[in-house]
Amino acid sequence: MAWIYLIVAALFEVGWPIGLKLAQTPNSIAKCLWIIFAIIAMTLSGVFLFFAQKQIPIGTAYAIWTGLGTIGTFCIGIIFFNDATSLLRFFGVFLILSGVIILKLAH
């Protein structure tokens, strides 16, 4: 169950940078709603990480949490926000994913 908590934490970890990105709007109501969304995502991400760390070592849990959050945010940035792409950027994400996989296998 701890690994499920960690995956859910990583999904919420992707939510807060998206919320902050979408808060960059001139509409003050939308800005406030997206900031609230980001705060809720941060909170839930932390809560699920807390539950995951009850069974997964802190270093492993934190590295996987941030790694999956980074990969998810990277992909959403490219797909929805037209972030720049290059082979070197994709290689960097591949290295992060490799590290996440190795940490999981070594647990």
# chains A, B, ... in the order shown; residues from 1 in each chain; ligands from 1

$ select_by_dssp --residues "chain A" --states "helix (DSSP H, G or I)" --output "PyMOL selection string"
chain A and resi 2-22+28-52+58-81+87-106

$ write_last_selection --atoms "C-alpha atoms" --output "PDB file, in the first residue's frame"
ATOM      1  CA  ALA A   2       2.918   2.352   0.673  1.00  0.00           C
ATOM      2  CA  TRP A   3       3.916   2.308  -2.989  1.00  0.00           C
ATOM      3  CA  ILE A   4       0.382   3.260  -4.004  1.00  0.00           C
ATOM      4  CA  TYR A   5       0.537   6.152  -1.546  1.00  0.00           C
ATOM      5  CA  LEU A   6       3.831   7.195  -3.102  1.00  0.00           C
ATOM      6  CA  ILE A   7       2.398   7.134  -6.644  1.00  0.00           C
ATOM      7  CA  VAL A   8      -0.623   9.177  -5.514  1.00  0.00           C
ATOM      8  CA  ALA A   9       1.731  11.629  -3.777  1.00  0.00           C
ATOM      9  CA  ALA A  10       3.692  11.998  -7.024  1.00  0.00           C
ATOM     10  CA  LEU A  11       0.488  12.655  -8.983  1.00  0.00           C
ATOM     11  CA  PHE A  12      -0.462  15.434  -6.575  1.00  0.00           C
ATOM     12  CA  GLU A  13       3.121  16.677  -6.796  1.00  0.00           C
ATOM     13  CA  VAL A  14       2.424  17.389 -10.478  1.00  0.00           C
ATOM     14  CA  GLY A  15      -0.718  19.323  -9.529  1.00  0.00           C
ATOM     15  CA  TRP A  16       0.866  22.245  -7.778  1.00  0.00           C
ATOM     16  CA  PRO A  17       3.199  23.458 -10.560  1.00  0.00           C
ATOM     17  CA  ILE A  18       0.264  23.172 -12.953  1.00  0.00           C
ATOM     18  CA  GLY A  19      -1.886  25.221 -10.587  1.00  0.00           C
ATOM     19  CA  LEU A  20       0.809  27.881 -10.285  1.00  0.00           C
ATOM     20  CA  LYS A  21       1.280  27.974 -14.069  1.00  0.00           C
ATOM     21  CA  LEU A  22      -2.458  28.365 -14.654  1.00  0.00           C
ATOM     22  CA  SER A  28      -8.061  37.602 -10.335  1.00  0.00           C
ATOM     23  CA  ILE A  29     -10.809  35.062  -9.558  1.00  0.00           C
ATOM     24  CA  ALA A  30      -9.206  32.394 -11.761  1.00  0.00           C
ATOM     25  CA  LYS A  31      -5.796  33.280 -10.308  1.00  0.00           C
ATOM     26  CA  CYS A  32      -7.069  32.714  -6.757  1.00  0.00           C
ATOM     27  CA  LEU A  33      -8.776  29.443  -7.695  1.00  0.00           C
ATOM     28  CA  TRP A  34      -5.629  28.047  -9.320  1.00  0.00           C
ATOM     29  CA  ILE A  35      -3.509  29.099  -6.344  1.00  0.00           C
ATOM     30  CA  ILE A  36      -5.978  27.323  -4.042  1.00  0.00           C
ATOM     31  CA  PHE A  37      -5.757  24.280  -6.336  1.00  0.00           C
ATOM     32  CA  ALA A  38      -1.945  24.382  -6.047  1.00  0.00           C
ATOM     33  CA  ILE A  39      -2.098  24.620  -2.253  1.00  0.00           C
ATOM     34  CA  ILE A  40      -4.504  21.672  -2.055  1.00  0.00           C
ATOM     35  CA  ALA A  41      -2.279  19.634  -4.394  1.00  0.00           C
ATOM     36  CA  MET A  42       0.803  20.466  -2.276  1.00  0.00           C
ATOM     37  CA  THR A  43      -0.987  19.460   0.894  1.00  0.00           C
ATOM     38  CA  LEU A  44      -2.291  16.170  -0.490  1.00  0.00           C
ATOM     39  CA  SER A  45       1.101  15.392  -1.994  1.00  0.00           C
ATOM     40  CA  GLY A  46       2.726  15.857   1.391  1.00  0.00           C
ATOM     41  CA  VAL A  47       0.085  13.819   3.213  1.00  0.00           C
ATOM     42  CA  PHE A  48       0.453  10.853   0.858  1.00  0.00           C
ATOM     43  CA  LEU A  49       4.247  11.102   1.056  1.00  0.00           C
ATOM     44  CA  PHE A  50       3.902  10.987   4.857  1.00  0.00           C
ATOM     45  CA  PHE A  51       1.896   7.752   4.611  1.00  0.00           C
ATOM     46  CA  ALA A  52       4.342   6.229   2.111  1.00  0.00           C
ATOM     47  CA  ILE A  58      12.843   8.440   3.453  1.00  0.00           C
ATOM     48  CA  GLY A  59      15.597   8.769   0.844  1.00  0.00           C
ATOM     49  CA  THR A  60      13.957   6.306  -1.531  1.00  0.00           C
ATOM     50  CA  ALA A  61      10.484   7.782  -1.048  1.00  0.00           C
ATOM     51  CA  TYR A  62      11.655  11.363  -1.505  1.00  0.00           C
ATOM     52  CA  ALA A  63      13.759  10.636  -4.593  1.00  0.00           C
ATOM     53  CA  ILE A  64      10.951   8.703  -6.273  1.00  0.00           C
ATOM     54  CA  TRP A  65       8.348  11.314  -5.275  1.00  0.00           C
ATOM     55  CA  THR A  66      10.325  14.196  -6.714  1.00  0.00           C
ATOM     56  CA  GLY A  67      11.487  12.175  -9.729  1.00  0.00           C
ATOM     57  CA  LEU A  68       7.988  11.140 -10.762  1.00  0.00           C
ATOM     58  CA  GLY A  69       6.717  14.652 -10.069  1.00  0.00           C
ATOM     59  CA  THR A  70       9.466  16.065 -12.264  1.00  0.00           C
ATOM     60  CA  ILE A  71       8.771  13.636 -15.098  1.00  0.00           C
ATOM     61  CA  GLY A  72       5.015  14.276 -14.944  1.00  0.00           C
ATOM     62  CA  THR A  73       5.450  18.044 -14.903  1.00  0.00           C
ATOM     63  CA  PHE A  74       7.958  17.838 -17.758  1.00  0.00           C
ATOM     64  CA  CYS A  75       5.501  15.854 -19.907  1.00  0.00           C
ATOM     65  CA  ILE A  76       2.557  18.142 -19.135  1.00  0.00           C
ATOM     66  CA  GLY A  77       4.703  21.178 -19.896  1.00  0.00           C
ATOM     67  CA  ILE A  78       5.504  19.806 -23.330  1.00  0.00           C
ATOM     68  CA  ILE A  79       1.988  18.569 -24.130  1.00  0.00           C
ATOM     69  CA  PHE A  80      -0.102  21.457 -22.797  1.00  0.00           C
ATOM     70  CA  PHE A  81       2.222  24.452 -22.472  1.00  0.00           C
ATOM     71  CA  LEU A  87      17.116  15.238 -27.255  1.00  0.00           C
ATOM     72  CA  LEU A  88      19.214  16.425 -24.335  1.00  0.00           C
ATOM     73  CA  ARG A  89      16.114  17.342 -22.279  1.00  0.00           C
ATOM     74  CA  PHE A  90      14.544  13.951 -23.033  1.00  0.00           C
ATOM     75  CA  PHE A  91      17.804  12.246 -22.106  1.00  0.00           C
ATOM     76  CA  GLY A  92      17.795  14.060 -18.766  1.00  0.00           C
ATOM     77  CA  VAL A  93      14.258  12.818 -18.076  1.00  0.00           C
ATOM     78  CA  PHE A  94      15.319   9.324 -19.127  1.00  0.00           C
ATOM     79  CA  LEU A  95      18.106   9.469 -16.545  1.00  0.00           C
ATOM     80  CA  ILE A  96      15.623  10.543 -13.853  1.00  0.00           C
ATOM     81  CA  LEU A  97      13.288   7.695 -14.810  1.00  0.00           C
ATOM     82  CA  SER A  98      16.205   5.258 -14.748  1.00  0.00           C
ATOM     83  CA  GLY A  99      17.097   6.405 -11.256  1.00  0.00           C
ATOM     84  CA  VAL A 100      13.502   5.980 -10.081  1.00  0.00           C
ATOM     85  CA  ILE A 101      13.380   2.441 -11.484  1.00  0.00           C
ATOM     86  CA  ILE A 102      16.725   1.529  -9.922  1.00  0.00           C
ATOM     87  CA  LEU A 103      15.621   2.866  -6.528  1.00  0.00           C
ATOM     88  CA  LYS A 104      12.416   0.826  -6.711  1.00  0.00           C
ATOM     89  CA  LEU A 105      14.302  -2.341  -7.691  1.00  0.00           C
ATOM     90  CA  ALA A 106      16.877  -1.805  -4.950  1.00  0.00           C
TER      91      ALA A 106
END

$ closest_residue --among "A:Ala23, A:Met1, A:Ser86, A:Pro57" --to "A:His107" --atoms "only C-alpha atoms"
A:Pro57
